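Student: To start, I am sharing the structure in question, which I have written as structure tokens.
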Amino acid sequence: MSDIEVIKDKYLGEISAATDGDALETIRVAALGKKGEISLLLKTLGKMTPEERQTEGPKINGARQAVADAIAARKEAMESDVLNARLATEKLDMTLPPPSAPKGSIHPVSQVMDELAEIFADLGFSVATGPEIEDDWHNFTALNIPETHPARAMHDTFYFPQTDDQGMPKLLRTHTSPVQIRTMMDVAKQTDGEGEPIYIIAPGRTYRSDSDATHTPMFHQVEGLVIDKNIHMGHLKWTLETFVRAFFERDDIELRLRPSYFPFTEPSAEVDVGFSVEKGRRIIGGDPRGDNGGWMEILGSGMVHPNVIRNCGLDPDVWQGFAFGCGIDRLAMLKYGMDDLRAFFDGDLRWTEHYGFDALDVPTLSGGVGA
Amino acid sequence: MKFSLSWLKAHLDTDASLTEITDKLTDIGLELEGLENPADALRPFRVAKVIEAGPHPNADKLQLLKVDDGSDQPWQVVCGAPNARKDMVGVFGPPGTYIPGSDFTLKPAKIRDVESFGMMCSARELELGDDHDGIIELPADAAAAVGTSYADYAQLDDPVIDIAITPNRQDCMGVRGIARDLAAAGIGTLKPLEIGSVERSGAGPDVRTDDPEGCPAFYGCTVTGLTNGTSPDWMQARLKSAGQKLINALVDITNYVMLDHGRPLHVYDVAKLKGGLVARKAKAGEKLTALNDKEYTLDETMTVIADDNGAHDIGGIMGGAETGSEESTTEVLIECAYFDPASIAKTGQKLMLTSDARQRFERGVDPAFLDNGIDIATALVLDLCGGNASEITRAGAPPTDMPTISYDPKQCAALGGIDVAPEKQKSILEALGFQVTLCSRVGGSLSPEAGAGEAVEMDSRLRGNTDKGHASLWDVTPPTWRRDVEGWQDLVEEVVRIEGLDNVPSTPLPRKAGVAKPTASPEQLAERKARRAAAARGLNETVTWSFISDKEAAPFGGGTWSLANPISEDLKVMRPSLLPGLIAAAQRNADRGASSMRLFEVGRRYLATTEHQTIGLVLAGENKARSWQAGSATKYDAFDAKAEVLAILEAAGAPIDKLMDFGEAGDHYHPGQSGTLRLGPKKILAAYGALHPSVTKALGLKGSAVGAEIFLDAIPVKKAKDHMREAFAPPALQAVTRDFAFIVDADLPAGDLVRAVKGADKKLITGARLFDLFEGASVGAGKKSLAVEITLQPVEATLTEEDLKAVSDKVVAGAAKLGAELRG
């Protein structure tokens with residue numbers, strides 16, 4: 001074994017025995033420093049004959065490289081050990097709970113309103129709104145409900161002492177139908193009485209002086225209105241079928257239209273939906289003629305009365321259409337299974353947590369309108 | 001409207017089953033609301049005979065009976081009825097029978113130590129009448145029927161149908177009208193009208209109308225020498241099925257005619273009248289005690305029927321207590337009048353008095369039925385009470401003219417969406433009593449080819465009545481009992497409801513061509529985003545009442561809109577702020593044990609002139625719960641409210657960078673811990689802060705709370721823009737930051753300093769953020785230290801030391817204008 005091999009092995013031995021960075025540095029200086037043993041041997045190459053250099057050069061350079069590599073490897077290993085040792089002291093109990101963020105929610109009424117907007121947007125309907133403190137004309141008279149009409153008595157109206165410019169007491173709207181009136185009047189005004197097609201839904205708060213297990217003095221209603229040419233009851237029927245099926249996300253929902261009476265529509269129809277019982281709960285859809293099945297009234301509807309169209313400044317010989325209305329709270333209850341209307345207006349966080357919706361549960365056509 | 005099946009069949013000849021009839025009623029718009037058979041409850045009761053009657057060993061007033069109800073063995077029954085005796089035939093309920101009138105189920109029992117099985121029943125126990133003085137006694141020949149069900153024996157098996165009558169269908173507020181509708185819909189044939197025979201002699205009574213508007217027609221006749229009593233069983237059975245109370249034969253007759261034909265009548269006891277009867281306007285302040293024993297004060301708009309002594313009847317609404325018929329009545333005046341529907345409605349509303357007569361008159365009774373009505377009533381009086389009828393005095397004339405409606409059978413398809421052959425339409429209308437004639441002006445055709453089988457598309461001129469000589473094909477005159485029918489749309493309704501709404505085929509709405517357009521307005525989109533942002537930030541949406549109490553409204557400036565007829569004092573004033581409702585909801589939750597309440601609501605505030613769409617929020621209870629990391633729980637402060645406000649405003653699209661901090665949030669906030677965010681001095685987008693302790697206390701909220709209101713309708717609407725954004729590439733040069741600490745007066749708003757610093761070099765300084773606030777002895781009394789980090793974004797070249805020095809000088813100079821000194 002040549003000297004150089006002996007020197008190399010000596011240093012490799014020392015390197016593997018080194019326990020800290022200082023020892024390793026001492027070894028590096030001793031072997032590879034300016035005056036290190038291997039560095040000095042390298043300098044002897046210059047004085048050698050070419051032949052000698054050819055045999056000794058690779059040996060000495062090989063030894064230098066081997067020692068340098070060993071030092072680097074040993075150093076890396078030492079650092080890794082130090083890091084591991086430190087990390088070992090930093091262990092945490094990862095079963096501890098992280099800081100919590102409060103969880104918010106969307107009220108079912110808002111959620112259902114968004115669902116309705118989405119479903120009807122697909123059919124070309126926009127959302128219209130109007131005041132809740134209304135005047136007699138928009139809430140009753142324009143809707144073909146004159147002062148002496150028996151239907152007024154059915155409305156349980158809340159009144160204010162303030163009067164409108166006709167001297168009639170202001171009132172809280174008993175339905176969202178005044179929005180239809182305002183929309184038609186706006187269209188008549190903007191088009192100089194010519195008119196143009198109207199496709200709207202009007203959701204919002206409505207009020208009736210009524211309070212029991214199934215009625216609250218404030219509730220939510222949505223109404224739909226279509227004014228166009230050549231619109232008939234067949235379109236009404238199709239629209240309601242499409243809406244109800246889309247809302248409950250079931251194809252097997254049957255609708256039953258029954259002739260009825262509303263002063264603002266002619267002909268008028270009340271609409272029942274078929275229900276059945278699944279898993280012990282009553283659901284909209286299925287076979288209404290089966291065991292525990294039946295019909296439930298959810299909508300009022302009809303062809304807009306010519307007097308109403310005329311009252312709004314449009315020509316009923318040119319424009320005709322349909323209107324419908326139903327309770328939003330009721331829709332929410334039927335779809336999501338709440339059984340107490342009064343809980344809607346209590347703000348109970350336990351109820352909200354159970355029946356509310358996540359902020360990101362935005363109803364979309366692609367994602368489905370039911371969260 | 002309730003009526004028995006047998007009553008209906010008195011007018012309708014039909015083989016249809018009960019289900020067919022009730023289904024059809026609903027199908028044609030006379031919605032079935034209830035169906036019950038009084039016989040169902042009585043089926044277990046049997047005709048039974050007392051075969052032995054003896055004294056009870058332990059009680060004087062009780063008897064021991066043996067009763068044969070057709071079973072193998074007679075029952076032993078303890079009975080307390082005084083009329084119970086051997087051989088009498090009565091009605092027996094065996095053990096296990098439910099007694100409807102007493103609401104219990106019979107069980108074998110020991111009465112004074114003697115076993116008793118079942119019961120002999122009184123009329124009241126079976127809900128057949130009020131009699132409870134003794135048990136029911138059937139005629140002796142009923143003994144042959146022992147063992148049969150009492151329901152069958154007494155022919156009580158007569159289902160009672162209850163239907164809802166919509167306000168337009170006065171004609172169906174009488175059984176005959178319902179029968180007519182059913183007949184038109186194919187359920188049997190309407191029987192001819194039976195009036196009964198009336199022999200009249202002698203002059204009619206002195207009746208007249210001085211109020212031709214309120215009472216256009218007043219017919220009357222008298223019947224003398226009659227004997228009042230109880231009405232016959234058949235009439236009582238029908239009145240009972242309608243839920244009508246039985247009074248005496250004369251009153252029952254008027255009620256019966258009203259329910260049978262929708263024709264209200266009134267009967268006066270002539271002995272109690274002085275002079276003739278006149279329909280006139282009431283005098284202001286005139287008083288009348290009605291049959292309901294309540295006194296009403298009348299005014300000049302109301303029509304009364306009066307004699308020389310005064311008013312005896314609120315015309316068409318309710319008779320007076322003084323002149324009604326009694327058992328002793330021997331001479332009556334039968335009034336059959338026509339009252340104006342509108343004035344009846346007004347009078348009824350003013351007096352808050354409703355009655356069966358009002359309901360019919362205000363919906364418009366058949367003006368051509370006065371003679372029939374008075375004849376039918378007179379015939380019944382003569383038949384049931386005897387006597388002699390006078391001639392009829394006819395004062396005034398009822399408005400019997402009906403409009404003629406031009407109708408094109410194609411209109412059925414155009415509005416109703418269903419093709420019904422013209423012949424069919426004609427027969428439906430005629431069956432309902434409409435007169436259909438071909439229009440004389442233009443040759444029409446009733447052949448099916450000319451009808452609705454053709455295009456649904458309809459020329460608008462055909463929709464009108466007559467226009468430019470294009471007359472419609474038919475002239476249709478509604479019957480006098482259908483005063484609700486005004487135009488061709490009503491005719492379509494009649495045809496469609498009889499043909500069946502269920503047969504109208506669904507027709508898809510026309511779909512608009514082209515790309516779908518957004519249907520939500522910018523305001524609606526902003527509200528939707530704001531709502532979802534609030535929920536995403538951990539706020540829970542609530543819906544609280546729009547009306548609150550006076551007490552709740554007071555700290556918020558009180559409400560302008562206070563209901564005249566609230567259902568309670570708690571729900572009276574339209575809220576001027578969303579906060580009271582949220583505060584109350586927060587406390588309700590706290591009472592239920594919730595520790596942290598983060599509530600919001602999107603709704604309106606109701607101010608004097610307008611309703612303002614608003615987001616309200618209240619944070620109460622613990623902000624952060626105690627935790628292993630952070631230690632004790634923390635409360636909410638005004639900055640928590642401000643943080644929510646800024647986040648929600650940003651989501652709603654408000655220009656956050658341009659918002660200015662102002663005070664004057666309102667008296668319901670802590671005066672030193674509240675603020676507003678504005679775009680310009682008058683444009684307030686939001687108010688927030690710690691709620692004033694006296695307000696939370698007044699509203700019953702325990703502990704402190706913070707709140708905010710975001711005025712959605714004040715947020716400027718973003719203008720519609722196209723999809724293309726401004727061109728942009730991230731700057732190649734790195735941004736640098738520099739810190740400045742200033743000593744300022746303690747009362748200088750930090751926001752002012754930050755704005756001054758940021759504005760010092762509008763080109764280079766892209767951001768300024770306050771990161772430290774320090775008050776203490778080291779900065780001097782009345783002073784504080786504010787530290788601001790500015791961000792500089794070089795545009796053309798890296799900033800040199802000179803550039804930085806120049807900016808720094810500008811910052812210091814800008815701050816100095818506010819009295820700020822750079823901290824050494």
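Letters for chains follow the order of the structure tokens (A, B, ...), residue numbers begin at 1 for each chain, and ligand numbers begin at 1 in the order shown.
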List as CSV every residue of chain A that is in contact with chain B, defined as an atom at most 7 Å from one of its atoms (using only C-alpha atoms), together with the nearest atom pair and the distance in Å rounded to one decimal, sorted by chain and then rising number.
Tutor:
```
residue,atom,partner,partner_atom,distance
A:Pro102,CA,B:Gly538,CA,4.7
A:Lys103,CA,B:Gly538,CA,4.3
A:Gly104,CA,B:Gly538,CA,3.6
A:Ser105,CA,B:Asn540,CA,4.7
A:Ile106,CA,B:Glu541,CA,5.2
A:His107,CA,B:Glu541,CA,5.3
A:Ala121,CA,B:Thr519,CA,6.0
A:Phe125,CA,B:Thr519,CA,6.6
A:Ser126,CA,B:Thr519,CA,4.5
A:Val127,CA,B:Ala520,CA,6.3
A:Pro131,CA,B:Glu611,CA,6.8
A:Thr148,CA,B:Ala345,CA,5.3
A:Pro150,CA,B:Pro167,CA,6.4
A:Ala151,CA,B:Pro167,CA,6.5
A:Phe158,CA,B:Asn565,CA,6.1
A:Tyr159,CA,B:Ala564,CA,5.5
A:Phe160,CA,B:Leu563,CA,4.7
A:Pro161,CA,B:Ala564,CA,5.8
A:Ser209,CA,B:Ile567,CA,6.4
A:Met218,CA,B:Trp545,CA,6.9
A:Asn230,CA,B:Glu457,CA,6.6
A:His232,CA,B:Leu415,CA,4.5
A:Met233,CA,B:Gly416,CA,5.0
A:Gly234,CA,B:Ser506,CA,4.6
A:His235,CA,B:Thr507,CA,4.7
A:Lys237,CA,B:Ser506,CA,5.4
A:Trp238,CA,B:Ser506,CA,4.6
A:Arg256,CA,B:Asp502,CA,6.6
A:Leu257,CA,B:Leu501,CA,6.0
A:Arg258,CA,B:Asp27,CA,5.7
A:Pro259,CA,B:Gly29,CA,4.3
A:Ser260,CA,B:Gly29,CA,5.1
A:Tyr261,CA,B:Thr166,CA,5.9
A:Glu266,CA,B:Gln489,CA,6.2
A:Pro267,CA,B:Glu493,CA,4.7
A:Asp317,CA,B:Arg463,CA,5.8
A:Val318,CA,B:Ser460,CA,6.0
A:Phe344,CA,B:Val543,CA,6.9
A:Phe345,CA,B:Thr544,CA,5.0
A:Asp346,CA,B:Thr544,CA,6.6
A:Gly347,CA,B:Thr542,CA,5.0
A:Asp348,CA,B:Asn589,CA,6.0
A:Leu349,CA,B:Asn589,CA,6.7
A:Ala359,CA,B:Arg532,CA,5.0
```
Student: Residues of segment 100-297 of chain A classed as strand (DSSP E or B) by DSSP on the backbone are to be reported as number ranges by chain.
Tutor: A: 105-106, 126-127, 133-134, 159-163, 169-172, 198-207, 212, 215, 218-228, 255-262, 265-278, 281-284, 294-297
Student: Got time to write the residues from that selection, C-alpha atoms, as a short mmCIF file (atom, residue, chain, number, x, y, z; two decimals), in the first residue's frame?
Tutor:
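Final file, selection06.cif:
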```cif
data_model
loop_
_atom_site.label_atom_id
_atom_site.label_comp_id
_atom_site.auth_asym_id
_atom_site.auth_seq_id
_atom_site.Cartn_x
_atom_site.Cartn_y
_atom_site.Cartn_z
CA SER A 105 -75.76 30.92 7.45
CA ILE A 106 -78.34 32.06 4.95
CA SER A 126 -86.72 39.09 -14.00
CA VAL A 127 -87.21 39.96 -10.36
CA ILE A 133 -96.40 50.38 2.66
CA GLU A 134 -98.89 50.69 -0.15
CA TYR A 159 -103.99 50.07 8.02
CA PHE A 160 -102.14 53.25 8.96
CA PRO A 161 -103.70 56.48 10.15
CA GLN A 162 -101.90 58.25 7.30
CA THR A 163 -103.89 58.68 4.09
CA PRO A 169 -105.70 55.10 4.48
CA LYS A 170 -102.27 53.80 3.64
CA LEU A 171 -101.86 50.09 4.29
CA LEU A 172 -99.40 47.24 4.41
CA ILE A 198 -93.47 41.61 -19.31
CA TYR A 199 -92.06 38.52 -17.60
CA ILE A 200 -91.46 39.11 -13.89
CA ILE A 201 -91.58 37.48 -10.52
CA ALA A 202 -92.12 39.63 -7.45
CA PRO A 203 -90.97 38.11 -4.16
CA GLY A 204 -91.23 39.95 -0.88
CA ARG A 205 -92.76 40.56 2.50
CA THR A 206 -96.54 40.72 2.78
CA TYR A 207 -98.80 41.32 5.74
CA ASP A 212 -102.22 31.38 14.60
CA HIS A 215 -100.42 32.15 9.92
CA MET A 218 -95.86 38.94 8.23
CA PHE A 219 -95.03 36.37 5.60
CA HIS A 220 -93.37 36.11 2.21
CA GLN A 221 -95.02 35.74 -1.12
CA VAL A 222 -93.86 35.41 -4.67
CA GLU A 223 -95.98 36.38 -7.61
CA GLY A 224 -95.37 35.85 -11.27
CA LEU A 225 -96.70 37.94 -14.11
CA VAL A 226 -96.56 37.42 -17.84
CA ILE A 227 -97.99 39.99 -20.21
CA ASP A 228 -97.54 39.29 -23.87
CA LEU A 255 -100.58 19.58 -10.69
CA ARG A 256 -104.33 19.94 -10.48
CA LEU A 257 -105.95 23.19 -11.54
CA ARG A 258 -109.32 23.97 -10.02
CA PRO A 259 -111.54 26.83 -11.17
CA SER A 260 -111.64 29.51 -8.52
CA TYR A 261 -112.11 33.22 -8.19
CA PHE A 262 -109.77 36.15 -7.74
CA THR A 265 -107.82 37.21 -12.87
CA GLU A 266 -110.33 35.78 -15.29
CA PRO A 267 -110.45 32.81 -15.60
CA SER A 268 -108.93 31.98 -12.22
CA ALA A 269 -107.57 28.73 -10.93
CA GLU A 270 -106.31 27.40 -7.65
CA VAL A 271 -103.50 24.94 -8.04
CA ASP A 272 -103.02 21.77 -6.03
CA VAL A 273 -99.88 19.68 -6.08
CA GLY A 274 -99.88 15.99 -5.52
CA PHE A 275 -98.08 14.66 -2.47
CA SER A 276 -97.17 11.25 -1.18
CA VAL A 277 -95.36 9.85 1.80
CA GLU A 278 -91.76 8.69 1.57
CA ARG A 281 -92.51 12.13 5.69
CA ARG A 282 -94.93 13.91 3.41
CA ILE A 283 -93.22 15.03 0.24
CA ILE A 284 -94.35 16.88 -2.85
CA GLY A 294 -103.35 13.55 -1.72
CA TRP A 295 -103.57 17.06 -3.02
CA MET A 296 -102.40 20.23 -1.37
CA GLU A 297 -103.24 23.72 -2.48
#
```
Student: For Ser116 of chain B, list every protein, DNA or RNA residue within 9 Å, evaluated using only C-alpha atoms, and leave out those in the same chain fewer than 6 positions away; present the list as a ChimeraX atom specification.
Tutor: /B:64,75-79,107-110
Student: Could you write out the selected residues, including C-alpha atoms, as a PDB file, in the first residue's frame?
Tutor:
```pdb
ATOM      1  CA  LEU B  64    -133.859  -1.207  36.182  1.00  0.00           C
ATOM      2  CA  TRP B  75    -129.587  -6.077  28.188  1.00  0.00           C
ATOM      3  CA  GLN B  76    -129.876  -5.007  31.795  1.00  0.00           C
ATOM      4  CA  VAL B  77    -129.842  -1.217  31.847  1.00  0.00           C
ATOM      5  CA  VAL B  78    -129.946   1.190  34.762  1.00  0.00           C
ATOM      6  CA  CYS B  79    -131.902   4.191  33.554  1.00  0.00           C
ATOM      7  CA  LYS B 107    -118.668   0.762  29.132  1.00  0.00           C
ATOM      8  CA  PRO B 108    -120.419  -1.804  31.330  1.00  0.00           C
ATOM      9  CA  ALA B 109    -120.599  -0.180  34.742  1.00  0.00           C
ATOM     10  CA  LYS B 110    -122.068  -0.698  38.180  1.00  0.00           C
TER      11      LYS B 110
END
```
Student: For His155 of chain A, work out the shell of residues within 7 Å, counting only C-alpha atoms and skipping chain neighbours fewer than 2 positions away, then give it as a count of residues only.
Tutor: 5
Student: Which distance in Å separates atom CA of Thr303 of chain B and atom CA of Gly320 of chain B, to one decimal?
Tutor: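 Taking atom CA of Thr303 of chain B and atom CA of Gly320 of chain B, their separation equals 13.2 Å.
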Student: Find the residue from B:Pro409, B:Gly243, B:Gly229, B:Pro139 that sits nearest to Cys385 of chain B; use only C-alpha atoms when measuring.
Tutor: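 Nearest candidate to Cys385 of chain B out of B:Pro409, B:Gly243, B:Gly229, B:Pro139: B:Gly229.
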Student: Of the candidates B:Pro159, B:Gly285, B:Gly310, B:Gly101, which shows the shortest atom-to-atom distance to Lys9 of chain B, using only C-alpha atoms?
Tutor: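 Of the candidates, the smallest distance to Lys9 of chain B is held by B:Pro159.
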Student: Pull the helix (DSSP H, G or I) assignments for segment 152-267 of chain A out of DSSP run on the backbone, and list those residues as a PyMOL selection string.
Tutor: chain A and resi 152-153+177-190+233-248
Student: As an exercise, work out the distance from atom CA of Glu25 of chain A to atom CA of Ala70 of chain A in Å and give it to one decimal place.
Tutor: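 According to the coordinates, atom CA of Glu25 of chain A and atom CA of Ala70 of chain A are separated by 12.2 Å.
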Student: Neighbours of Gly315 of chain B within 12 Å (only C-alpha atoms; same-chain residues fewer than 4 positions away dropped), as a PyMOL selection string?
Tutor: chain B and resi 209+211+214-218+264-266+277-282+288+290+298+301-306+311+319-320+335-341+343-345+347-348+355+357-358+361-362
Student: Set the distance at 10 Å and use only C-alpha atoms: which residues neighbour Asn255 of chain B once local chain neighbours fewer than 6 positions away are removed? I'd like the list as a PDB file with N, CA and C atoms, in the first residue's frame.
Tutor:
```
ATOM      1  N   LEU B 239    -132.467  22.273   7.101  1.00  0.00           N
ATOM      2  CA  LEU B 239    -131.847  23.423   7.764  1.00  0.00           C
ATOM      3  C   LEU B 239    -130.694  22.969   8.658  1.00  0.00           C
ATOM      4  N   GLN B 244    -128.084  25.556  10.061  1.00  0.00           N
ATOM      5  CA  GLN B 244    -128.955  26.688  10.399  1.00  0.00           C
ATOM      6  C   GLN B 244    -129.714  26.399  11.681  1.00  0.00           C
ATOM      7  N   LYS B 245    -129.760  27.376  12.570  1.00  0.00           N
ATOM      8  CA  LYS B 245    -130.500  27.199  13.812  1.00  0.00           C
ATOM      9  C   LYS B 245    -132.004  27.189  13.532  1.00  0.00           C
ATOM     10  N   LEU B 246    -132.740  26.382  14.265  1.00  0.00           N
ATOM     11  CA  LEU B 246    -134.189  26.337  14.094  1.00  0.00           C
ATOM     12  C   LEU B 246    -134.817  27.349  15.046  1.00  0.00           C
ATOM     13  N   ILE B 247    -135.765  28.157  14.540  1.00  0.00           N
ATOM     14  CA  ILE B 247    -136.398  29.178  15.387  1.00  0.00           C
ATOM     15  C   ILE B 247    -137.887  28.858  15.511  1.00  0.00           C
ATOM     16  N   ALA B 249    -141.566  28.222  12.676  1.00  0.00           N
ATOM     17  CA  ALA B 249    -141.899  27.899  11.287  1.00  0.00           C
ATOM     18  C   ALA B 249    -141.698  29.094  10.369  1.00  0.00           C
ATOM     19  N   HIS B 261    -132.754  28.895  -2.486  1.00  0.00           N
ATOM     20  CA  HIS B 261    -132.734  29.681  -3.729  1.00  0.00           C
ATOM     21  C   HIS B 261    -131.797  30.884  -3.670  1.00  0.00           C
ATOM     22  N   GLY B 262    -131.089  31.051  -2.580  1.00  0.00           N
ATOM     23  CA  GLY B 262    -130.220  32.221  -2.476  1.00  0.00           C
ATOM     24  C   GLY B 262    -131.014  33.514  -2.382  1.00  0.00           C
ATOM     25  N   ARG B 263    -132.229  33.443  -1.903  1.00  0.00           N
ATOM     26  CA  ARG B 263    -133.129  34.592  -1.905  1.00  0.00           C
ATOM     27  C   ARG B 263    -133.475  34.950  -0.457  1.00  0.00           C
ATOM     28  N   PRO B 264    -132.807  35.962   0.116  1.00  0.00           N
ATOM     29  CA  PRO B 264    -133.137  36.351   1.489  1.00  0.00           C
ATOM     30  C   PRO B 264    -134.502  37.048   1.543  1.00  0.00           C
ATOM     31  N   LEU B 265    -135.228  36.800   2.609  1.00  0.00           N
ATOM     32  CA  LEU B 265    -136.546  37.405   2.819  1.00  0.00           C
ATOM     33  C   LEU B 265    -136.606  37.870   4.257  1.00  0.00           C
ATOM     34  N   HIS B 266    -137.609  38.699   4.540  1.00  0.00           N
ATOM     35  CA  HIS B 266    -137.809  39.030   5.944  1.00  0.00           C
ATOM     36  C   HIS B 266    -139.303  38.991   6.249  1.00  0.00           C
ATOM     37  N   ASP B 356    -126.049  36.232   6.816  1.00  0.00           N
ATOM     38  CA  ASP B 356    -126.292  35.444   5.598  1.00  0.00           C
ATOM     39  C   ASP B 356    -126.930  36.315   4.525  1.00  0.00           C
ATOM     40  N   ALA B 357    -127.835  37.209   4.940  1.00  0.00           N
ATOM     41  CA  ALA B 357    -128.504  38.067   3.959  1.00  0.00           C
ATOM     42  C   ALA B 357    -127.513  39.027   3.322  1.00  0.00           C
ATOM     43  N   ALA B 377    -142.138  31.557  -0.751  1.00  0.00           N
ATOM     44  CA  ALA B 377    -142.258  31.749   0.691  1.00  0.00           C
ATOM     45  C   ALA B 377    -143.729  31.739   1.115  1.00  0.00           C
TER      46      ALA B 377
END
```
Student: Which residue, B:Tyr669, B:Tyr219, B:Tyr688, B:Phe728, has the smallest gap to Asp640 of chain B when you use only C-alpha atoms?
Tutor: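 Comparing B:Tyr669, B:Tyr219, B:Tyr688, B:Phe728 against Asp640 of chain B, the winner is B:Tyr688.
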Student: Determine the nearest neighbour of Phe243 of chain A from the options A:Leu314, A:Val369, A:Ile60, A:Ile38, counting only C-alpha atoms.
Tutor: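 Checking each of A:Leu314, A:Val369, A:Ile60, A:Ile38 against Phe243 of chain A, counting only C-alpha atoms, the winner is A:Val369.
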Student: Quote the spacing between atom CA of Thr289 of chain B and atom CA of Met318 of chain B in Å to one decimal place.
Tutor: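 Atom CA of Met318 of chain B lies at a distance of 9.7 Å from atom CA of Thr289 of chain B.
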